Amino acid sequence: QVQLQESGGGLVQTGGSLRLSCAASLPISSINTLGWFRQTPGGRRELVARIFSGGGTLYADSVKDRFTISTDNAMRTVYLQMNKLTPEDTALYFCNALYRSTFNFWGQGTQVSVSS
């Protein structure tokens, strides 16, 4: 089992930046992929960014060139650097881990709110 704990959410103005962190209970090298998803009230949970064990990354079109996903293996942490935030980025952000290519684990979420 993988436990995930997010932090770093908050309120920011349009054009501002935030960095989300997600600490994992297992070494990152043992996890197939790590990712960030977001969900608005009444909306579906959607992929924001994903990083694979080989280092490759995948981004939603809406966040390309603004968000960057990265990992710190020593800290067992995955980050999401978010720049040029807009009100459309307002959501509850979840950390996700795919373990042993089969098991999905989720954090409890951290709220990001962007004011206009």
# chains A, B, ... in the order shown; residues from 1 in each chain; ligands from 1

$ residues_around --residues "region 60-75 of chain A" --least-positions-apart "3" --cutoff "12 Å" --atoms "only C-alpha atoms" --output "JSON, numbers by chain"
{"A": [15, 16, 17, 18, 19, 20, 21, 22, 23, 24, 25, 26, 27, 28, 29, 30, 31, 33, 34, 35, 36, 37, 38, 46, 47, 48, 49, 50, 51, 52, 53, 54, 55, 56, 57, 78, 79, 80, 81, 82, 83, 84, 85, 86, 88, 89, 95]}

$ select_by_dssp --residues "region 37-110 of chain A" --states "strand (DSSP E or B)" --output "PyMOL selection string"
chain A and resi 37-39+46-52+57-59+67-72+77-82+91-99+103-106+110

$ closest_residue --among "A:Ser7, A:Asn32, A:Ser116, A:Thr90" --to "Phe103 (chain A)" --atoms "only C-alpha atoms"
A:Asn32

$ atom_distance --atom1 "CA of Ala91 (chain A)" --atom2 "CA of Thr40 (chain A)"
4.8 Å
